[in-house]
Amino acid sequence: MVLLSVEFNNTIVPSSFGAWHGHVCGQRVLSVIAGPARTLMPFRRWRATVSYRILLAARVALAVLALPTLGARVAQSAEQSQARSSPLVSTEWLEANLADPKLRIVEVSVEPGVYERGHVPGAQNVVWHTDLVETVSRDIAGPEKFAALVRRLGIDRDTTVVLYGDNNNWFAAWGAWVFAQYGLVDNVKLLDGGRKKWEADKRPLETRSPDVAASRFPVTPVSSAQRARLADVLAVARKERNEAILDIRSPDEFSGKVIAPPGIQELAIRAGHIPGSVNVPWAKAVNPDGTIKPVAELKKLYAEAGIDGSKPVITSCRIGERSSHSWFVLSRILGYPVRNYDGSWTEYGNTVGVPVVNLAGTVWTGK
Amino acid sequence: MSVSPLANAGAPRPQAGRVPVPLRALFAGLIGAGLLFAAWYLSGEPGSGRLALSLTFGTAFGFVLQRARFCFLCLWRDLIDRGDPRGALGILAALAVGTVGYGVVLGAWLPDPGGPRLAPDAHIGPVGPVLALAGAVFGSGMAISGSCIGAHLYRLGEGSPTAPFALVGTALGFVLGFVSWNTLYLTSISEAPVLWLPRYLGYAGSLVLTLGVLAALALPLLRRLPPAVTMAPRRVDPLRAVFAERWPTWIGGLAVGAIGTLAYLRVGPLGVTAEIGGRSRQAAATLGLLPERLEGLDGFRGCATAIRDAVLTPNGLFVAGLVIASFAAALAAGEFRPARPTRNQAARGLLGGLLLGWGAMTGLGCSVGTLLSGIMAGAVSGWVFGAAMFAGLTATLFVGRRLRLLP
């Protein structure tokens, strides 16, 4: 006779194999212990008849056959249930689930060599500059390129993926936005606080790269539901469409005092912002330790700028990568209808014949 | 003070006994403790782990360079002037150890080198005529100023009268390099291929080829080793051996190879010009001397000269650790000999420094960043720069001596 003891939220609950499925769903399972059990009342009555014995023997045989896959199923179920409830996972949760073979952890950092010199154990590397974009034309990675990437990462449609990176998860959030355009939405999470929080927590890093079996992710057409184009933004700017534009750049960029942050070469010909857009810098959604603020605070923050989910939102910045962070907060955490405008100011500010607001009064005068 | 006569040939003997040994040792020990304390303090500051490590590696590098007299020009002159190959063998030892060490690290970081990606931030530069010109000009600067940039830095710690002028010249040379960059980039560098041996040969093939070439260079040198001096057996005092007597260059070479590997593993490839170049670029940009944009420059590997936005940078601390550790080592060994510079030394330092700076800027690194770190990583650019550097150095020495301008 084989029984299972499954630990639910630190309470050990014994259960027979016949009943395990109903117990596990929706619960956080921490450990599974198999062993003989002679104490459960119902089974004593069942022993009385031979037919029950046969039934039981069959059950046990099935259970023993299922045993090797059970641990993985329980862990998978637990990981999915915990992670499914939130688009963010904590550093604590991730460390506790590092051994889960179904979990894929992916680092998307912008600084080269950061991943190689130490990453979350088991994490794989994605290079923002080359893996997630087309390198000749300006676009996100095309269907073939994206499918090849996620196959290499061993990611299927139902795989739970945790993305994290340096620079406050900017590029990890960009990664989540690209993944979402190929239908990988709810199973893609961000590590709350990113690399910075993981390191600040003094959690372990490793330098080895994991070996992952490739997946069979199909070449999928890109969905336009997550992405705003120049025409969409222009329609809002010209008040032909009732949507909100959230510009998450710094106040100086928004006002037109500067065209881009210091040290940035990719500029626009004009400074300022898209008419009708509101300015909430991305960093306002983040606590000092890099974690994202609680839902109530976020709702209040954006509601003060007139964004409350009642109408569609377009997020925008300079090249669409900082705004991916706010896209993630608004769409995945608050559940608002949001699209990210990756053309952003480097497209809009360079476009001929579009309306521009320049609060700073910097106008093109030549020399 | 006993110093190996051959290793110290050409330099005046230290004026032993001027400052008592215990006092010198105490002072050097205090400096060493100060460096360690600074690294320890930095390691506790959030986000400063790389700074602390850079300071530590710089300290170790400066100590090794000073103790082993790891100076490309000195070692080359030993070979061509006196037929003593021991210094050159030390450089080959450094390259061999570093090549193996890099191989171990790279195999873990980028298991398949055959794809379009290069090893993360390894110094693998474009190979073309400009690189060869940069190497030759850099070698010429070495001959004129009396050292490469790395050696000027450790000699600064020894009180060299030439080093300060050479380093000022280097900074100015960098500015000249930046001014000429766009022309060189548009006419040649933009079309120069970035060649990385493991991409074509795999790690094993690259390792075999590099070690094979190093062995082929070492074999004829090994035949020319001077006969061993038979000495009466004596008790070796470890403290004297480490802190007072010159190290054989091969020991320095092994240490340089090991430090190069460890620095690459934890912080980045060894290099001594990123900070000088970055600060020169910042100053020149402020003074309006630079073109608005340096085409393609920041996309290349090598000693990055991107403008600094922080007071403390990893390479700045590496160089600071190098100079201060060399000072402490020289002090302990009685080799700190400051001297008032002569006009000749100042002129040679400035002119040679200009050439060093121009060569290091257009070659995207110097004898440390491009030659050592490049060859260790399997970059063809390291070999081309190295060959051109020794050619330029030899030619300049030959001509300079004919004209009685160089010793």
# chains A, B, ... in the order shown; residues from 1 in each chain; ligands from 1
$ select_by_dssp --residues "range 79-323 of chain A" --states "strand (DSSP E or B)" --output "ChimeraX atom specification"
/A:88-89,104-107,119,124-125,133,140,161-164,188-191,206,227,244-247,273,277-279,286,292,313-316
$ write_last_selection --atoms "N, CA, C and O atoms" --output "CSV table (one decimal), in the first residue's frame"
chain,number,residue,atom,x,y,z
A,88,LEU,N,4.2,38.7,-11.8
A,88,LEU,CA,5.6,38.9,-11.2
A,88,LEU,C,5.9,37.7,-10.3
A,88,LEU,O,5.0,37.2,-9.7
A,89,VAL,N,7.1,37.3,-10.3
A,89,VAL,CA,7.5,36.4,-9.3
A,89,VAL,C,8.6,37.0,-8.4
A,89,VAL,O,9.4,37.8,-8.9
A,104,ARG,N,11.6,27.9,-17.2
A,104,ARG,CA,12.7,28.5,-18.0
A,104,ARG,C,13.0,29.9,-17.5
A,104,ARG,O,12.1,30.7,-17.4
A,105,ILE,N,14.2,30.1,-17.1
A,105,ILE,CA,14.6,31.4,-16.6
A,105,ILE,C,15.5,32.0,-17.7
A,105,ILE,O,16.4,31.4,-18.2
A,106,VAL,N,15.2,33.3,-18.0
A,106,VAL,CA,16.0,33.9,-19.1
A,106,VAL,C,16.4,35.3,-18.7
A,106,VAL,O,15.6,36.1,-18.2
A,107,GLU,N,17.7,35.5,-18.8
A,107,GLU,CA,18.2,36.9,-18.5
A,107,GLU,C,18.3,37.7,-19.8
A,107,GLU,O,18.8,37.2,-20.8
A,119,HIS,N,25.0,34.6,-13.2
A,119,HIS,CA,23.5,34.8,-13.4
A,119,HIS,C,22.7,33.9,-12.5
A,119,HIS,O,23.3,33.0,-11.8
A,124,GLN,N,19.2,31.2,-18.8
A,124,GLN,CA,19.7,31.3,-20.2
A,124,GLN,C,19.9,32.7,-20.6
A,124,GLN,O,19.2,33.6,-20.0
A,125,ASN,N,20.7,32.9,-21.6
A,125,ASN,CA,21.0,34.3,-22.0
A,125,ASN,C,20.3,34.7,-23.3
A,125,ASN,O,20.3,34.0,-24.3
A,133,VAL,N,15.6,41.6,-31.8
A,133,VAL,CA,15.3,42.6,-32.9
A,133,VAL,C,15.9,42.1,-34.2
A,133,VAL,O,16.8,41.2,-34.2
A,140,ILE,N,11.0,44.4,-34.4
A,140,ILE,CA,11.2,43.3,-33.5
A,140,ILE,C,11.6,42.0,-34.3
A,140,ILE,O,11.4,42.0,-35.5
A,161,VAL,N,7.8,31.0,-18.1
A,161,VAL,CA,9.1,31.7,-18.4
A,161,VAL,C,9.3,32.8,-17.4
A,161,VAL,O,8.3,33.6,-17.2
A,162,VAL,N,10.4,32.9,-16.7
A,162,VAL,CA,10.7,34.1,-15.9
A,162,VAL,C,11.8,34.9,-16.5
A,162,VAL,O,12.9,34.4,-16.8
A,163,LEU,N,11.5,36.1,-16.8
A,163,LEU,CA,12.5,37.0,-17.5
A,163,LEU,C,13.1,38.0,-16.4
A,163,LEU,O,12.3,38.4,-15.5
A,164,TYR,N,14.3,38.3,-16.5
A,164,TYR,CA,14.9,39.3,-15.6
A,164,TYR,C,16.1,39.9,-16.3
A,164,TYR,O,16.6,39.3,-17.3
A,188,VAL,N,4.5,34.2,-19.2
A,188,VAL,CA,5.8,34.9,-19.1
A,188,VAL,C,5.7,35.9,-18.0
A,188,VAL,O,4.8,36.8,-17.9
A,189,LYS,N,6.6,35.8,-17.0
A,189,LYS,CA,6.7,36.6,-15.8
A,189,LYS,C,7.9,37.4,-15.8
A,189,LYS,O,8.9,37.1,-16.4
A,190,LEU,N,7.9,38.5,-15.0
A,190,LEU,CA,9.1,39.2,-14.7
A,190,LEU,C,9.5,38.9,-13.2
A,190,LEU,O,8.7,38.7,-12.4
A,191,LEU,N,10.8,38.8,-13.0
A,191,LEU,CA,11.4,38.7,-11.7
A,191,LEU,C,11.3,40.0,-11.0
A,191,LEU,O,12.0,41.0,-11.5
A,206,GLU,N,25.6,31.8,-10.7
A,206,GLU,CA,26.5,30.8,-11.2
A,206,GLU,C,26.9,31.3,-12.6
A,206,GLU,O,26.3,32.1,-13.2
A,227,ARG,N,0.9,46.2,-30.0
A,227,ARG,CA,1.9,47.1,-30.6
A,227,ARG,C,1.1,48.3,-31.2
A,227,ARG,O,0.2,48.1,-32.0
A,244,ALA,N,-5.6,57.1,-24.7
A,244,ALA,CA,-4.6,57.9,-23.9
A,244,ALA,C,-3.2,57.5,-24.3
A,244,ALA,O,-2.9,56.4,-24.7
A,245,ILE,N,-2.3,58.5,-24.4
A,245,ILE,CA,-0.9,58.2,-24.6
A,245,ILE,C,-0.1,58.5,-23.4
A,245,ILE,O,-0.2,59.6,-22.8
A,246,LEU,N,0.6,57.5,-22.9
A,246,LEU,CA,1.4,57.7,-21.7
A,246,LEU,C,2.9,57.8,-22.1
A,246,LEU,O,3.5,56.8,-22.7
A,247,ASP,N,3.5,58.9,-21.9
A,247,ASP,CA,4.9,59.2,-22.3
A,247,ASP,C,5.7,59.0,-21.0
A,247,ASP,O,5.5,59.7,-20.0
A,273,HIS,N,6.8,66.5,-27.2
A,273,HIS,CA,6.0,65.3,-27.1
A,273,HIS,C,4.8,65.3,-28.0
A,273,HIS,O,4.4,66.3,-28.6
A,277,SER,N,-0.5,63.6,-25.0
A,277,SER,CA,0.1,62.6,-24.1
A,277,SER,C,0.3,63.1,-22.7
A,277,SER,O,0.4,64.3,-22.5
A,278,VAL,N,0.4,62.2,-21.7
A,278,VAL,CA,0.6,62.6,-20.4
A,278,VAL,C,2.0,62.0,-19.9
A,278,VAL,O,2.4,61.0,-20.5
A,279,ASN,N,2.6,62.6,-19.0
A,279,ASN,CA,4.0,62.2,-18.6
A,279,ASN,C,4.0,61.6,-17.2
A,279,ASN,O,3.7,62.3,-16.2
A,286,VAL,N,8.1,52.2,-9.5
A,286,VAL,CA,9.1,51.3,-8.9
A,286,VAL,C,9.5,51.7,-7.5
A,286,VAL,O,9.7,52.9,-7.3
A,292,ILE,N,8.3,46.4,-8.1
A,292,ILE,CA,7.2,47.2,-8.6
A,292,ILE,C,6.2,47.5,-7.5
A,292,ILE,O,6.0,46.6,-6.6
A,313,VAL,N,-4.8,52.5,-23.8
A,313,VAL,CA,-3.6,53.3,-23.5
A,313,VAL,C,-2.5,52.9,-24.5
A,313,VAL,O,-2.4,51.8,-24.9
A,314,ILE,N,-1.7,53.9,-24.9
A,314,ILE,CA,-0.5,53.7,-25.7
A,314,ILE,C,0.7,54.2,-24.9
A,314,ILE,O,0.7,55.3,-24.5
A,315,THR,N,1.7,53.3,-24.7
A,315,THR,CA,2.9,53.7,-23.9
A,315,THR,C,3.9,54.1,-25.0
A,315,THR,O,4.1,53.4,-26.0
A,316,SER,N,4.7,55.1,-24.6
A,316,SER,CA,5.7,55.6,-25.6
A,316,SER,C,6.9,56.2,-24.8
A,316,SER,O,6.8,56.7,-23.7
$ closest_atom_pairs --of "range 222-311 of chain B" --to "range 372-392 of chain B" --cutoff "12 Å" --atoms "only C-alpha atoms" --output "CSV"
residue,atom,partner,partner_atom,distance
B:Gly253,CA,B:Leu372,CA,10.7
B:Val256,CA,B:Leu372,CA,9.2
B:Gly257,CA,B:Met376,CA,8.4
B:Ala258,CA,B:Met376,CA,10.9
B:Ile259,CA,B:Ser373,CA,10.8
B:Gly260,CA,B:Ser373,CA,7.1
B:Thr261,CA,B:Met376,CA,8.5
B:Leu262,CA,B:Ser373,CA,11.8
B:Ala263,CA,B:Ser373,CA,10.3
B:Tyr264,CA,B:Ser373,CA,8.8
B:Leu265,CA,B:Ala377,CA,11.9
B:Gly268,CA,B:Ser373,CA,9.7
B:Pro269,CA,B:Ser373,CA,5.9
B:Leu270,CA,B:Ser373,CA,6.0
B:Gly271,CA,B:Ser373,CA,7.5
B:Val272,CA,B:Ser373,CA,10.9
B:Arg301,CA,B:Gly374,CA,10.0
B:Gly302,CA,B:Gly374,CA,8.4
B:Cys303,CA,B:Ser373,CA,10.1
$ write_last_selection --atoms "C-alpha atoms" --output "PDB file, in the first residue's frame"
ATOM      1  CA  GLY B 253      54.709  35.935 -17.132  1.00  0.00           C
ATOM      2  CA  VAL B 256      50.340  38.003 -15.781  1.00  0.00           C
ATOM      3  CA  GLY B 257      48.630  35.109 -17.588  1.00  0.00           C
ATOM      4  CA  ALA B 258      46.807  34.129 -14.396  1.00  0.00           C
ATOM      5  CA  ILE B 259      45.773  37.704 -13.539  1.00  0.00           C
ATOM      6  CA  GLY B 260      44.616  38.192 -17.145  1.00  0.00           C
ATOM      7  CA  THR B 261      42.383  35.129 -16.937  1.00  0.00           C
ATOM      8  CA  LEU B 262      40.964  35.967 -13.517  1.00  0.00           C
ATOM      9  CA  ALA B 263      40.338  39.595 -14.483  1.00  0.00           C
ATOM     10  CA  TYR B 264      38.515  38.474 -17.625  1.00  0.00           C
ATOM     11  CA  LEU B 265      36.450  36.017 -15.613  1.00  0.00           C
ATOM     12  CA  GLY B 268      36.983  42.351 -18.030  1.00  0.00           C
ATOM     13  CA  PRO B 269      40.129  41.847 -20.107  1.00  0.00           C
ATOM     14  CA  LEU B 270      43.340  43.471 -18.878  1.00  0.00           C
ATOM     15  CA  GLY B 271      43.959  46.885 -20.380  1.00  0.00           C
ATOM     16  CA  VAL B 272      45.540  50.095 -19.164  1.00  0.00           C
ATOM     17  CA  ARG B 301      35.763  45.783 -28.831  1.00  0.00           C
ATOM     18  CA  GLY B 302      38.962  46.809 -27.109  1.00  0.00           C
ATOM     19  CA  CYS B 303      39.903  49.396 -24.530  1.00  0.00           C
TER      20      CYS B 303
END
$ interface_residues --of "chain A" --to "chain B" --cutoff "10 Å" --atoms "only C-alpha atoms" --output "PyMOL selection string"
chain A and resi 111-118+127+130+196+199-200+207-209+262-263+265
$ write_last_selection --atoms "N, CA, C and O atoms" --output "compact mmCIF listing (two decimals), in the first residue's frame"
# COMPACT_ATOMS: atom_id res chain seq x y z
N GLU A 111 23.96 45.13 -20.74
CA GLU A 111 25.42 45.26 -20.67
C GLU A 111 26.06 43.91 -21.01
O GLU A 111 25.74 42.90 -20.38
N PRO A 112 26.97 43.88 -22.01
CA PRO A 112 27.56 42.59 -22.36
C PRO A 112 28.46 42.05 -21.24
O PRO A 112 29.11 42.82 -20.55
N GLY A 113 28.45 40.73 -21.08
CA GLY A 113 29.32 40.12 -20.07
C GLY A 113 28.69 40.01 -18.70
O GLY A 113 29.23 39.34 -17.83
N VAL A 114 27.54 40.67 -18.48
CA VAL A 114 26.90 40.61 -17.17
C VAL A 114 26.38 39.20 -16.90
O VAL A 114 26.61 38.63 -15.84
N TYR A 115 25.71 38.63 -17.90
CA TYR A 115 25.18 37.27 -17.74
C TYR A 115 26.31 36.28 -17.50
O TYR A 115 26.27 35.47 -16.59
N GLU A 116 27.34 36.37 -18.34
CA GLU A 116 28.41 35.38 -18.30
C GLU A 116 29.15 35.39 -16.97
O GLU A 116 29.61 34.36 -16.51
N ARG A 117 29.29 36.57 -16.34
CA ARG A 117 30.07 36.64 -15.11
C ARG A 117 29.25 36.25 -13.89
O ARG A 117 29.72 36.37 -12.76
N GLY A 118 28.04 35.82 -14.09
CA GLY A 118 27.23 35.36 -12.96
C GLY A 118 25.77 35.64 -13.21
O GLY A 118 25.39 36.78 -13.42
N VAL A 127 20.38 38.08 -25.84
CA VAL A 127 21.05 39.36 -26.09
C VAL A 127 20.06 40.29 -26.77
O VAL A 127 19.64 40.05 -27.90
N THR A 130 20.72 41.74 -30.40
CA THR A 130 20.73 40.92 -31.61
C THR A 130 19.63 39.86 -31.63
O THR A 130 19.15 39.51 -32.70
N LYS A 196 19.11 43.37 -9.86
CA LYS A 196 19.53 44.22 -8.74
C LYS A 196 19.02 43.64 -7.42
O LYS A 196 19.76 43.51 -6.45
N GLU A 199 20.69 40.28 -6.50
CA GLU A 199 22.03 40.49 -5.93
C GLU A 199 21.93 41.11 -4.54
O GLU A 199 22.67 40.73 -3.63
N ALA A 200 21.02 42.08 -4.39
CA ALA A 200 20.89 42.75 -3.09
C ALA A 200 20.43 41.76 -2.01
O ALA A 200 20.78 41.89 -0.84
N THR A 207 28.03 30.66 -13.08
CA THR A 207 28.57 31.08 -14.38
C THR A 207 28.37 30.02 -15.46
O THR A 207 28.69 30.27 -16.61
N ARG A 208 27.89 28.86 -15.08
CA ARG A 208 27.71 27.81 -16.10
C ARG A 208 26.42 28.04 -16.89
O ARG A 208 25.45 28.54 -16.35
N SER A 209 26.43 27.64 -18.16
CA SER A 209 25.21 27.75 -18.96
C SER A 209 24.47 26.42 -18.88
O SER A 209 25.09 25.37 -18.97
N PRO A 262 21.41 62.14 -21.62
CA PRO A 262 22.82 62.37 -21.94
C PRO A 262 23.49 61.11 -22.49
O PRO A 262 23.18 60.00 -22.04
N GLY A 263 24.38 61.31 -23.46
CA GLY A 263 25.17 60.20 -23.97
C GLY A 263 24.47 59.36 -25.03
O GLY A 263 25.02 58.38 -25.51
N GLN A 265 23.07 58.72 -28.71
CA GLN A 265 23.34 59.25 -30.05
C GLN A 265 22.11 59.28 -30.93
O GLN A 265 22.01 60.11 -31.82
$ residues_around --residues "Gly128 in chain B" --least-positions-apart "5" --cutoff "9 Å" --atoms "only C-alpha atoms" --output "ChimeraX atom specification"
/B:133,188-189,191-193,381,384
$ write_last_selection --atoms "C-alpha atoms" --output "JSON list (two decimals), in the first residue's frame"
[["chain", "number", "residue", "atom", "x", "y", "z"],
["B", 133, "LEU", "CA", 50.05, 51.17, -38.70],
["B", 188, "SER", "CA", 39.67, 51.57, -43.98],
["B", 189, "ILE", "CA", 38.55, 50.39, -40.55],
["B", 191, "GLU", "CA", 35.75, 47.44, -44.00],
["B", 192, "ALA", "CA", 38.32, 45.64, -41.85],
["B", 193, "PRO", "CA", 37.15, 42.16, -40.77],
["B", 381, "SER", "CA", 44.19, 41.59, -34.08],
["B", 384, "VAL", "CA", 48.96, 41.75, -36.04]]
$ atom_distance --atom1 "CA of Ala96 in chain A" --atom2 "CA of Trp198 in chain A"
12.8 Å
$ closest_residue --among "A:Trp177, A:Phe217, A:Trp170, A:Tyr182" --to "Ile155 in chain A" --atoms "only C-alpha atoms"
A:Phe217
$ residues_around --residues "range 337-347 of chain A" --least-positions-apart "6" --cutoff "8 Å" --atoms "only C-alpha atoms" --output "CSV table (one decimal) with N, CA, C and O atoms, in the first residue's frame"
chain,number,residue,atom,x,y,z
A,225,ALA,N,-1.9,43.1,-31.5
A,225,ALA,CA,-2.7,43.6,-30.3
A,225,ALA,C,-1.8,44.3,-29.3
A,225,ALA,O,-2.4,45.1,-28.5
A,226,GLN,N,-0.5,44.1,-29.3
A,226,GLN,CA,0.3,44.7,-28.2
A,226,GLN,C,1.1,45.9,-28.7
A,226,GLN,O,1.8,46.5,-28.0
A,227,ARG,N,0.9,46.2,-30.0
A,227,ARG,CA,1.9,47.1,-30.6
A,227,ARG,C,1.1,48.3,-31.2
A,227,ARG,O,0.2,48.1,-32.0
A,228,ALA,N,1.5,49.5,-30.9
A,228,ALA,CA,0.9,50.7,-31.6
A,228,ALA,C,1.8,51.2,-32.7
A,228,ALA,O,3.0,51.1,-32.5
A,229,ARG,N,1.2,51.6,-33.8
A,229,ARG,CA,2.0,52.1,-34.9
A,229,ARG,C,1.8,53.6,-35.0
A,229,ARG,O,0.9,54.2,-34.3
A,230,LEU,N,2.6,54.2,-35.8
A,230,LEU,CA,2.6,55.7,-36.0
A,230,LEU,C,1.2,56.2,-36.3
A,230,LEU,O,0.7,57.2,-35.7
A,233,VAL,N,-1.0,56.4,-33.2
A,233,VAL,CA,-0.6,57.5,-32.3
A,233,VAL,C,-1.1,58.8,-32.9
A,233,VAL,O,-1.6,59.7,-32.2
A,266,GLU,N,21.2,58.3,-30.7
A,266,GLU,CA,20.0,58.3,-31.6
A,266,GLU,C,19.0,59.3,-31.2
A,266,GLU,O,18.4,59.2,-30.2
A,267,LEU,N,18.9,60.3,-32.0
A,267,LEU,CA,18.1,61.5,-31.7
A,267,LEU,C,16.9,61.7,-32.6
A,267,LEU,O,16.6,60.9,-33.5
A,268,ALA,N,16.2,62.8,-32.4
A,268,ALA,CA,15.1,63.2,-33.3
A,268,ALA,C,15.4,64.6,-33.7
A,268,ALA,O,16.2,65.3,-33.1
A,273,HIS,N,6.8,66.5,-27.2
A,273,HIS,CA,6.0,65.3,-27.1
A,273,HIS,C,4.8,65.3,-28.0
A,273,HIS,O,4.4,66.3,-28.6
A,309,GLY,N,-7.8,52.9,-17.1
A,309,GLY,CA,-8.2,51.7,-17.7
A,309,GLY,C,-9.5,51.8,-18.4
A,309,GLY,O,-10.0,50.8,-19.0
A,311,LYS,N,-10.2,53.7,-21.0
A,311,LYS,CA,-10.0,53.7,-22.4
A,311,LYS,C,-8.6,53.2,-22.8
A,311,LYS,O,-7.7,53.1,-21.9
A,312,PRO,N,-8.4,52.7,-24.0
A,312,PRO,CA,-7.1,52.1,-24.3
A,312,PRO,C,-5.9,53.1,-24.1
A,312,PRO,O,-6.1,54.3,-24.3
A,313,VAL,N,-4.8,52.5,-23.8
A,313,VAL,CA,-3.6,53.3,-23.5
A,313,VAL,C,-2.5,52.9,-24.5
A,313,VAL,O,-2.4,51.8,-24.9
A,314,ILE,N,-1.7,53.9,-24.9
A,314,ILE,CA,-0.5,53.7,-25.7
A,314,ILE,C,0.7,54.2,-24.9
A,314,ILE,O,0.7,55.3,-24.5
A,315,THR,N,1.7,53.3,-24.7
A,315,THR,CA,2.9,53.7,-23.9
A,315,THR,C,3.9,54.1,-25.0
A,315,THR,O,4.1,53.4,-26.0
A,316,SER,N,4.7,55.1,-24.6
A,316,SER,CA,5.7,55.6,-25.6
A,316,SER,C,6.9,56.2,-24.8
A,316,SER,O,6.8,56.7,-23.7
A,317,CYS,N,8.1,56.1,-25.4
A,317,CYS,CA,9.3,56.7,-24.8
A,317,CYS,C,10.2,57.2,-26.0
A,317,CYS,O,9.8,57.9,-26.9
A,318,ARG,N,11.5,56.8,-25.9
A,318,ARG,CA,12.4,57.2,-27.0
A,318,ARG,C,12.5,56.2,-28.1
A,318,ARG,O,12.4,56.4,-29.3
A,319,ILE,N,12.8,54.9,-27.6
A,319,ILE,CA,12.8,53.8,-28.6
A,319,ILE,C,11.9,52.7,-28.3
A,319,ILE,O,12.0,51.6,-28.9
A,320,GLY,N,11.1,52.8,-27.2
A,320,GLY,CA,10.1,51.8,-26.9
A,320,GLY,C,10.6,50.8,-25.9
A,320,GLY,O,9.9,49.9,-25.6
A,321,GLU,N,11.8,51.0,-25.3
A,321,GLU,CA,12.3,50.0,-24.4
A,321,GLU,C,12.0,50.3,-22.9
A,321,GLU,O,11.5,49.5,-22.2
A,323,SER,N,9.5,52.2,-22.2
A,323,SER,CA,8.0,52.1,-22.2
A,323,SER,C,7.5,50.7,-22.1
A,323,SER,O,6.4,50.5,-21.7
A,324,SER,N,8.3,49.7,-22.4
A,324,SER,CA,7.9,48.3,-22.3
A,324,SER,C,7.7,48.0,-20.8
A,324,SER,O,6.9,47.2,-20.4
A,327,TRP,N,4.4,49.4,-20.1
A,327,TRP,CA,3.5,48.5,-20.7
A,327,TRP,C,3.2,47.3,-19.8
A,327,TRP,O,2.0,46.9,-19.7
A,330,LEU,N,1.1,48.3,-16.7
A,330,LEU,CA,-0.3,48.7,-17.0
A,330,LEU,C,-1.1,47.5,-17.5
A,330,LEU,O,-2.2,47.2,-17.1
A,331,SER,N,-0.5,46.7,-18.4
A,331,SER,CA,-1.3,45.7,-19.1
A,331,SER,C,-1.3,44.4,-18.2
A,331,SER,O,-2.3,43.8,-18.0
$ atom_distance --atom1 "CA of Ile248 in chain A" --atom2 "CA of Leu94 in chain A"
28.8 Å
$ closest_residue --among "B:His123, B:Arg240, B:Arg67, B:Arg246" --to "Cys366 in chain B" --atoms "only C-alpha atoms"
B:His123
$ atom_distance --atom1 "CA of Leu23 in chain B" --atom2 "CA of Thr56 in chain B"
24.6 Å
$ residues_around --residues "Gly363 in chain B" --least-positions-apart "4" --cutoff "10 Å" --atoms "only C-alpha atoms" --output "ChimeraX atom specification"
/B:125-127,130-138,177,302-303,357-359,367,369-371,381-382,385
$ residues_around --residues "Val363 in chain A" --least-positions-apart "3" --cutoff "12 Å" --atoms "only C-alpha atoms" --output "PyMOL selection string"
chain A and resi 255-259+269-272+356-360+366-367
$ closest_residue --among "A:Asp186, A:Asp131, A:Asp308, A:Asp158" --to "Tyr336 in chain A" --atoms "only C-alpha atoms"
A:Asp308
$ decode --residues "range 238-248 of chain B" --atoms "N, CA and C atoms" --output "CSV table (one decimal), in the first residue's frame"
chain,number,residue,atom,x,y,z
B,238,PRO,N,62.7,33.7,1.8
B,238,PRO,CA,61.5,33.9,0.9
B,238,PRO,C,61.1,35.4,0.9
B,239,LEU,N,61.3,36.1,2.0
B,239,LEU,CA,60.9,37.5,2.0
B,239,LEU,C,61.7,38.3,1.0
B,240,ARG,N,63.1,38.0,1.0
B,240,ARG,CA,64.0,38.7,0.1
B,240,ARG,C,63.6,38.4,-1.3
B,241,ALA,N,63.3,37.0,-1.5
B,241,ALA,CA,63.1,36.6,-2.9
B,241,ALA,C,61.8,37.2,-3.5
B,242,VAL,N,60.8,37.5,-2.7
B,242,VAL,CA,59.6,38.1,-3.2
B,242,VAL,C,59.7,39.6,-3.2
B,243,PHE,N,60.2,40.2,-2.1
B,243,PHE,CA,60.1,41.6,-2.0
B,243,PHE,C,61.3,42.4,-2.4
B,244,ALA,N,62.5,41.8,-2.4
B,244,ALA,CA,63.7,42.6,-2.7
B,244,ALA,C,64.4,42.2,-4.0
B,245,GLU,N,64.5,40.9,-4.3
B,245,GLU,CA,65.2,40.5,-5.5
B,245,GLU,C,64.3,40.5,-6.7
B,246,ARG,N,64.9,40.8,-7.9
B,246,ARG,CA,64.1,40.7,-9.1
B,246,ARG,C,63.5,39.3,-9.3
B,247,TRP,N,62.3,39.2,-9.8
B,247,TRP,CA,61.8,37.9,-10.1
B,247,TRP,C,62.2,37.6,-11.5
B,248,PRO,N,62.5,36.3,-11.8
B,248,PRO,CA,62.7,35.9,-13.2
B,248,PRO,C,61.5,36.3,-14.0
